Amino acid sequence: MAHVLISASHKSSGKTTVSVGLAAAFAGRGLDVQTFKKGPDYIDPMWLTRASGRPCYNLDFNTQTGSEIREMFASRSTGAGISVIEGNMGLHDGVDEEGADSTAALARLVGAPVVLVIDCEGMTRGVAPLVLGFTAFDKSIRIAGVILNRVATARQEAKLIGAIERYTDIPILGALRRSTDMTIVERHLGLTTPSETDGIMGKIALLGSTMRDHIDLDRLLEIARTANPVGPYRQTSAPLGPRGDVTIAVARDEAFGFYYADDLQALERAGAQLVSFSPISDSTLPKADGIFIGGGFPETHMAALEANGTMRSDIRRAAGRGVPIYAECGGLMYLARTIRWGEQQRQMAGVIAADVVMHDRPQGRGLVELEPTGTCPWSAATDTPSRIKAHEFHHAELINVPSEAEFAWRVVRGYGIDGRRDGIVVGSVTASFSHQRSTSTNRWTDRFVGFVRRVKQQRAARTATRPVAIAPHTGTM
């Protein structure tokens, strides 16, 4: 099982650009490329998915056990010609002081050799002690090569290569020149998404061709083939419910796209048939028993969302009829009355009697721990955990929240809606700033599909027992 982990000395060094380019380059060679992203993240996996043509999966110490990470990595890598793991932050960064949740710990767990992307801006001979420090800091991690990034000139490149070759024995796999064409644009919540990037496939093709021209792909593939084997793994368990007996409408367009591939698969495994809809361009909801509105960027599309009044009304009517709805972050914002960003304020669905204000700085950011209050309409299941680990990243604040509002979770760590609570509950609707993930410690997908199924069955039972009105006889005898 050939696999390699792409990391860096610090964040924003170009890991995503390199990882996306490598995935595209290896796919262009005819290899089946399986990509992974370390930690909670939605946008980087979107790019990696487009580059490889296969879903990207997150490997996350916060929500998964070590054995679960290994099983997911092994099962999803089966049959791939190479697996490319993109780390997060720097190689040794993380919350845990001893590095138990770092990218280095992930490399150790899955036996992956590490390729270090080095941001070389303003650097020459100093690259050597940097590389030596990374190789010496943790001997259990194998730094198998370096890629020099954002190199300004041929003269700088020669000095960088000379220093590394003189003072270290780490292979240099290539050097990438500083170029705006190589940059994936960032904004207030990270990188722009592929759906918001003009000429996305051309951009990915450019990254792939750049890697092909400037990176020693043959040597990198040889390095990947020296990775330690991972396995065995358990087969995916059988479906928990009748296949496709309930339908869940999933919001997917330029405004909403933050979904984990394995969460969507878990919803299907629990018995749901998923149908996509666009709150921007579709005039009505598809026929569905439940609705899932994930995160995204409704603030950058709020004029288009407001303009689609028929969809907003349809969502509001569905909530009024008791259709189960789960919304995360951007989904919560869409269900509110309004979104205000700067001088603009736009009408949203109005399911939640509160308003959203966008701020310049994050209102909640990082790992989250929630404690159920018992108010969530689908928290009655026996597998509801006493603590839920999740994550949040939002510049939005929910204001004018009614004093009598009910909340699904108490915030033990993080911010949520007001620093103390998250998951506002309105009838059959639950909407939070926190993003959950369906893992062995929190099968939220099973609980939500189970709730959708119960509501559907109860509605069917009421319809079956409702007396049939008999029209009066108007004929003559």
# chains A, B, ... in the order shown; residues from 1 in each chain; ligands from 1
call {"tool": "closest_atom_pairs", "arguments": {"of": "range 417-476 of chain A", "to": "range 68-77 of chain A", "cutoff": "12 Å", "atoms": "only C-alpha atoms", "output": "CSV"}}
result
residue,atom,partner,partner_atom,distance
A:Ser438,CA,A:Glu68,CA,11.7
A:Thr439,CA,A:Glu68,CA,8.3
A:Ser440,CA,A:Glu68,CA,7.7
A:Thr441,CA,A:Glu68,CA,10.2
call {"tool": "residues_around", "arguments": {"residues": "Arg150 in chain A", "least_positions_apart": "6", "cutoff": "6 Å", "atoms": "only C-alpha atoms", "output": "short mmCIF file (atom, residue, chain, number, x, y, z; two decimals) with N, CA and C atoms, in the first residue's frame"}}
result
data_model
loop_
_atom_site.label_atom_id
_atom_site.label_comp_id
_atom_site.auth_asym_id
_atom_site.auth_seq_id
_atom_site.Cartn_x
_atom_site.Cartn_y
_atom_site.Cartn_z
N ASP A 119 8.41 26.58 3.06
CA ASP A 119 8.22 27.92 2.52
C ASP A 119 9.57 28.63 2.57
N CYS A 120 10.18 28.84 1.42
CA CYS A 120 11.55 29.35 1.34
C CYS A 120 11.64 30.86 1.19
N GLU A 121 10.55 31.55 1.34
CA GLU A 121 10.59 33.00 1.15
C GLU A 121 11.56 33.64 2.14
N LEU A 176 9.67 24.67 -6.31
CA LEU A 176 8.56 25.36 -6.97
C LEU A 176 8.77 26.86 -6.85
N ARG A 177 8.69 27.55 -7.96
CA ARG A 177 8.88 29.00 -7.97
C ARG A 177 7.64 29.71 -7.43
N ARG A 178 7.90 30.88 -6.87
CA ARG A 178 6.81 31.71 -6.38
C ARG A 178 5.99 32.20 -7.56
#
call {"tool": "select_by_dssp", "arguments": {"residues": "range 33-195 of chain A", "states": "strand (DSSP E or B)", "output": "VMD selection string"}}
result
chain A and resid 33 to 38 57 to 59 82 to 86 114 to 119 143 to 151 172 to 177 186 to 187 190 to 191
call {"tool": "write_last_selection", "arguments": {"atoms": "C-alpha atoms", "output": "short mmCIF file (atom, residue, chain, number, x, y, z; two decimals), in the first residue's frame"}}
result
data_model
loop_
_atom_site.label_atom_id
_atom_site.label_comp_id
_atom_site.auth_asym_id
_atom_site.auth_seq_id
_atom_site.Cartn_x
_atom_site.Cartn_y
_atom_site.Cartn_z
CA VAL A 33 -5.16 8.24 -6.19
CA GLN A 34 -6.81 8.17 -2.77
CA THR A 35 -6.54 11.38 -0.76
CA PHE A 36 -6.92 12.08 2.95
CA LYS A 37 -6.88 15.25 5.05
CA LYS A 38 -5.69 15.36 8.63
CA TYR A 57 -11.61 11.37 3.78
CA ASN A 58 -10.63 13.12 7.01
CA LEU A 59 -8.42 11.44 9.62
CA ILE A 82 -0.99 5.73 -4.13
CA SER A 83 -2.57 7.44 -1.14
CA VAL A 84 -1.69 11.07 -0.43
CA ILE A 85 -2.35 12.44 3.06
CA GLU A 86 -2.33 16.20 3.55
CA VAL A 114 6.78 12.42 5.46
CA VAL A 115 7.57 14.89 2.70
CA LEU A 116 8.18 18.34 4.15
CA VAL A 117 7.04 21.38 2.15
CA ILE A 118 9.28 24.32 3.08
CA ASP A 119 8.22 27.92 2.52
CA ILE A 143 11.42 12.77 6.86
CA ALA A 144 11.81 11.11 3.46
CA GLY A 145 12.20 14.24 1.35
CA VAL A 146 11.63 17.97 1.06
CA ILE A 147 9.92 20.15 -1.52
CA LEU A 148 11.13 23.74 -1.70
CA ASN A 149 8.23 26.12 -2.21
CA ARG A 150 7.92 29.81 -3.13
CA VAL A 151 11.49 30.02 -4.40
CA ILE A 172 15.32 17.24 -2.38
CA LEU A 173 12.33 16.18 -4.47
CA GLY A 174 11.92 19.46 -6.31
CA ALA A 175 11.58 23.23 -6.12
CA LEU A 176 8.56 25.36 -6.97
CA ARG A 177 8.88 29.00 -7.97
CA GLU A 186 -7.79 32.47 0.85
CA ARG A 187 -10.56 34.50 2.47
CA GLY A 190 -9.89 29.68 4.63
CA LEU A 191 -9.45 28.74 0.99
#
call {"tool": "residues_around", "arguments": {"residues": "Gly133 in chain A", "least_positions_apart": "4", "cutoff": "12 Å", "atoms": "only C-alpha atoms", "output": "PyMOL selection string"}}
result
chain A and resi 9+91-92+126-129+137-139+143+167-168+170
call {"tool": "write_last_selection", "arguments": {"atoms": "C-alpha atoms", "output": "PDB file, in the first residue's frame"}}
result
ATOM      1  CA  SER A   9       7.229  23.403   9.087  1.00  0.00           C
ATOM      2  CA  LEU A  91       4.259  18.725  11.343  1.00  0.00           C
ATOM      3  CA  HIS A  92       4.492  18.858  15.144  1.00  0.00           C
ATOM      4  CA  GLY A 126      19.030  28.785   7.058  1.00  0.00           C
ATOM      5  CA  VAL A 127      17.058  26.001   5.405  1.00  0.00           C
ATOM      6  CA  ALA A 128      19.678  23.474   6.558  1.00  0.00           C
ATOM      7  CA  PRO A 129      19.229  23.852  10.348  1.00  0.00           C
ATOM      8  CA  PHE A 137      13.230  16.288  16.890  1.00  0.00           C
ATOM      9  CA  ASP A 138      11.381  12.950  16.653  1.00  0.00           C
ATOM     10  CA  LYS A 139      13.376   9.999  15.358  1.00  0.00           C
ATOM     11  CA  ILE A 143      11.424  12.767   6.857  1.00  0.00           C
ATOM     12  CA  TYR A 167      24.539  19.628   5.823  1.00  0.00           C
ATOM     13  CA  THR A 168      21.826  16.944   5.554  1.00  0.00           C
ATOM     14  CA  ILE A 170      17.481  14.432   3.108  1.00  0.00           C
TER      15      ILE A 170
END
call {"tool": "select_by_dssp", "arguments": {"residues": "range 116-286 of chain A", "states": "helix (DSSP H, G or I)", "output": "MDAnalysis selection string"}}
result
chainID A and resid 127:137 154:167 180:182 194:196 200:214 217:224 261:269
call {"tool": "closest_residue", "arguments": {"among": "A:Ala408, A:Ala354, A:Ser7, A:Thr49", "to": "Asp93 in chain A", "atoms": "only C-alpha atoms"}}
result
A:Ser7
call {"tool": "residues_around", "arguments": {"residues": "range 339-346 of chain A", "least_positions_apart": "3", "cutoff": "6 Å", "atoms": "only C-alpha atoms", "output": "number ranges by chain"}}
result
A: 356-358
call {"tool": "write_last_selection", "arguments": {"atoms": "N, CA and C atoms", "output": "mmCIF file, in the first residue's frame"}}
result
data_model
loop_
_atom_site.group_PDB
_atom_site.id
_atom_site.type_symbol
_atom_site.label_atom_id
_atom_site.label_comp_id
_atom_site.auth_asym_id
_atom_site.auth_seq_id
_atom_site.Cartn_x
_atom_site.Cartn_y
_atom_site.Cartn_z
ATOM 1 N N VAL A 356 -28.597 36.948 12.317
ATOM 2 C CA VAL A 356 -27.166 36.673 12.221
ATOM 3 C C VAL A 356 -26.426 37.953 11.870
ATOM 4 N N VAL A 357 -25.305 38.176 12.559
ATOM 5 C CA VAL A 357 -24.412 39.293 12.257
ATOM 6 C C VAL A 357 -23.027 38.721 11.986
ATOM 7 N N MET A 358 -22.411 39.137 10.869
ATOM 8 C CA MET A 358 -21.062 38.712 10.529
ATOM 9 C C MET A 358 -20.045 39.682 11.130
#
call {"tool": "atom_distance", "arguments": {"atom1": "CA of Asp289 in chain A", "atom2": "CA of Gly271 in chain A"}}
result
12.1 Å
call {"tool": "atom_distance", "arguments": {"atom1": "CA of Gly294 in chain A", "atom2": "CA of Trp409 in chain A"}}
result
17.9 Å
call {"tool": "closest_residue", "arguments": {"among": "A:Thr338, A:Gln265, A:Ser283, A:Gln347", "to": "Asp446 in chain A", "atoms": "only C-alpha atoms"}}
result
A:Gln265
call {"tool": "atom_distance", "arguments": {"atom1": "CA of Glu404 in chain A", "atom2": "CA of Glu328 in chain A"}}
result
21.2 Å
call {"tool": "residues_around", "arguments": {"residues": "Gly208 in chain A", "least_positions_apart": "3", "cutoff": "7 Å", "atoms": "only C-alpha atoms", "output": "number ranges by chain"}}
result
A: 21-22, 24-25, 204-205, 211-212
call {"tool": "write_last_selection", "arguments": {"atoms": "C-alpha atoms", "output": "PDB file, in the first residue's frame"}}
result
ATOM      1  CA  GLY A  21      -1.006  19.144  -7.586  1.00  0.00           C
ATOM      2  CA  LEU A  22       0.485  15.759  -6.682  1.00  0.00           C
ATOM      3  CA  ALA A  24      -3.626  15.540 -10.138  1.00  0.00           C
ATOM      4  CA  ALA A  25      -0.169  14.586 -11.419  1.00  0.00           C
ATOM      5  CA  ILE A 204      -6.026  21.817 -11.024  1.00  0.00           C
ATOM      6  CA  ALA A 205      -4.501  20.807 -14.369  1.00  0.00           C
ATOM      7  CA  MET A 211       4.310  19.093 -10.151  1.00  0.00           C
ATOM      8  CA  ARG A 212       5.064  16.904 -13.136  1.00  0.00           C
TER       9      ARG A 212
END
call {"tool": "closest_residue", "arguments": {"among": "A:Glu268, A:Asp314, A:Glu157, A:Glu392", "to": "Gln436 in chain A", "atoms": "only C-alpha atoms"}}
result
A:Glu392
call {"tool": "residues_around", "arguments": {"residues": "Gly296 in chain A", "least_positions_apart": "3", "cutoff": "8 Å", "atoms": "only C-alpha atoms", "output": "count of residues only"}}
result
8
call {"tool": "closest_residue", "arguments": {"among": "A:Ser281, A:Ser432, A:Ser67, A:Ser52", "to": "Asp253 in chain A", "atoms": "only C-alpha atoms"}}
result
A:Ser281
call {"tool": "residues_around", "arguments": {"residues": "range 374-380 of chain A", "least_positions_apart": "4", "cutoff": "12 Å", "atoms": "only C-alpha atoms", "output": "ChimeraX atom specification"}}
result
/A:322-326,370,384-386,388,405-410,421-432,442-455
call {"tool": "write_last_selection", "arguments": {"atoms": "N, CA and C atoms", "output": "short mmCIF file (atom, residue, chain, number, x, y, z; two decimals), in the first residue's frame"}}
result
data_model
loop_
_atom_site.label_atom_id
_atom_site.label_comp_id
_atom_site.auth_asym_id
_atom_site.auth_seq_id
_atom_site.Cartn_x
_atom_site.Cartn_y
_atom_site.Cartn_z
N GLY A 322 -43.47 19.95 10.69
CA GLY A 322 -42.78 18.98 11.54
C GLY A 322 -41.77 18.12 10.82
N VAL A 323 -41.36 18.52 9.60
CA VAL A 323 -40.32 17.77 8.88
C VAL A 323 -39.01 17.91 9.65
N PRO A 324 -38.33 16.81 9.98
CA PRO A 324 -37.05 16.91 10.69
C PRO A 324 -36.00 17.64 9.86
N ILE A 325 -35.38 18.63 10.47
CA ILE A 325 -34.33 19.40 9.81
C ILE A 325 -33.13 19.48 10.74
N TYR A 326 -31.95 19.19 10.19
CA TYR A 326 -30.71 19.39 10.93
C TYR A 326 -29.84 20.36 10.12
N LEU A 370 -19.46 19.03 23.53
CA LEU A 370 -20.85 19.34 23.86
C LEU A 370 -21.42 18.28 24.80
N THR A 384 -26.90 7.78 22.38
CA THR A 384 -26.51 9.17 22.52
C THR A 384 -25.36 9.27 23.51
N PRO A 385 -24.19 9.80 23.08
CA PRO A 385 -23.05 9.88 24.00
C PRO A 385 -23.25 10.96 25.05
N SER A 386 -22.57 10.81 26.18
CA SER A 386 -22.66 11.82 27.23
C SER A 386 -21.87 13.07 26.86
N ILE A 388 -20.09 14.97 23.27
CA ILE A 388 -19.95 14.96 21.81
C ILE A 388 -18.78 15.85 21.44
N ALA A 405 -35.83 30.28 24.32
CA ALA A 405 -35.30 29.31 23.35
C ALA A 405 -34.72 28.09 24.06
N GLU A 406 -34.88 26.92 23.41
CA GLU A 406 -34.34 25.68 23.94
C GLU A 406 -33.11 25.27 23.13
N PHE A 407 -32.19 24.59 23.79
CA PHE A 407 -30.93 24.23 23.15
C PHE A 407 -30.64 22.74 23.37
N ALA A 408 -30.07 22.14 22.35
CA ALA A 408 -29.81 20.70 22.39
C ALA A 408 -28.59 20.34 23.22
N TRP A 409 -27.62 21.29 23.28
CA TRP A 409 -26.35 20.95 23.94
C TRP A 409 -25.83 22.09 24.80
N ARG A 410 -25.19 21.70 25.91
CA ARG A 410 -24.39 22.62 26.72
C ARG A 410 -22.96 22.59 26.19
N ARG A 421 -24.22 27.52 25.20
CA ARG A 421 -25.19 26.59 24.60
C ARG A 421 -25.03 26.56 23.09
N ASP A 422 -25.47 25.46 22.51
CA ASP A 422 -25.47 25.33 21.05
C ASP A 422 -26.61 24.40 20.67
N GLY A 423 -26.96 24.45 19.38
CA GLY A 423 -28.04 23.58 18.90
C GLY A 423 -29.41 24.09 19.29
N ILE A 424 -29.80 25.24 18.72
CA ILE A 424 -31.13 25.78 19.02
C ILE A 424 -32.19 24.84 18.44
N VAL A 425 -33.22 24.58 19.23
CA VAL A 425 -34.27 23.62 18.86
C VAL A 425 -35.59 24.35 18.67
N VAL A 426 -36.18 24.15 17.48
CA VAL A 426 -37.50 24.72 17.18
C VAL A 426 -38.35 23.59 16.61
N GLY A 427 -39.21 23.00 17.43
CA GLY A 427 -40.01 21.86 16.97
C GLY A 427 -39.14 20.70 16.56
N SER A 428 -39.20 20.33 15.29
CA SER A 428 -38.41 19.22 14.77
C SER A 428 -37.08 19.67 14.18
N VAL A 429 -36.73 20.95 14.39
CA VAL A 429 -35.52 21.54 13.82
C VAL A 429 -34.44 21.65 14.88
N THR A 430 -33.21 21.25 14.53
CA THR A 430 -32.04 21.46 15.38
C THR A 430 -30.98 22.13 14.52
N ALA A 431 -30.46 23.27 15.00
CA ALA A 431 -29.49 24.03 14.22
C ALA A 431 -28.38 24.53 15.13
N SER A 432 -27.12 24.26 14.74
CA SER A 432 -25.99 24.59 15.60
C SER A 432 -24.85 25.21 14.81
N ASN A 442 -19.83 8.74 18.21
CA ASN A 442 -20.97 9.65 18.01
C ASN A 442 -21.66 9.35 16.69
N ARG A 443 -22.54 8.36 16.66
CA ARG A 443 -23.27 8.00 15.44
C ARG A 443 -24.47 8.92 15.26
N TRP A 444 -24.21 10.19 15.05
CA TRP A 444 -25.31 11.13 14.92
C TRP A 444 -26.17 10.82 13.70
N THR A 445 -25.57 10.29 12.66
CA THR A 445 -26.31 9.99 11.44
C THR A 445 -27.36 8.92 11.70
N ASP A 446 -27.02 7.92 12.50
CA ASP A 446 -27.99 6.89 12.83
C ASP A 446 -29.16 7.46 13.62
N ARG A 447 -28.84 8.35 14.58
CA ARG A 447 -29.91 8.92 15.40
C ARG A 447 -30.81 9.82 14.58
N PHE A 448 -30.22 10.62 13.68
CA PHE A 448 -31.04 11.52 12.87
C PHE A 448 -31.92 10.75 11.90
N VAL A 449 -31.36 9.75 11.22
CA VAL A 449 -32.18 8.95 10.29
C VAL A 449 -33.26 8.21 11.06
N GLY A 450 -32.93 7.72 12.27
CA GLY A 450 -33.95 7.06 13.08
C GLY A 450 -35.10 7.99 13.43
N PHE A 451 -34.77 9.25 13.73
CA PHE A 451 -35.81 10.24 14.03
C PHE A 451 -36.66 10.53 12.79
N VAL A 452 -36.00 10.70 11.65
CA VAL A 452 -36.74 10.93 10.40
C VAL A 452 -37.68 9.76 10.13
N ARG A 453 -37.22 8.56 10.36
CA ARG A 453 -38.03 7.36 10.13
C ARG A 453 -39.24 7.33 11.06
N ARG A 454 -39.03 7.64 12.35
CA ARG A 454 -40.13 7.63 13.31
C ARG A 454 -41.19 8.66 12.95
N VAL A 455 -40.73 9.86 12.57
CA VAL A 455 -41.68 10.92 12.18
C VAL A 455 -42.48 10.48 10.97
#
call {"tool": "closest_residue", "arguments": {"among": "A:Ala224, A:Met123, A:Met201, A:Ile215", "to": "Leu5 in chain A", "atoms": "only C-alpha atoms"}}
result
A:Ala224
call {"tool": "closest_residue", "arguments": {"among": "A:Met46, A:Val131, A:Ala136, A:Ala349", "to": "Glu165 in chain A", "atoms": "only C-alpha atoms"}}
result
A:Val131
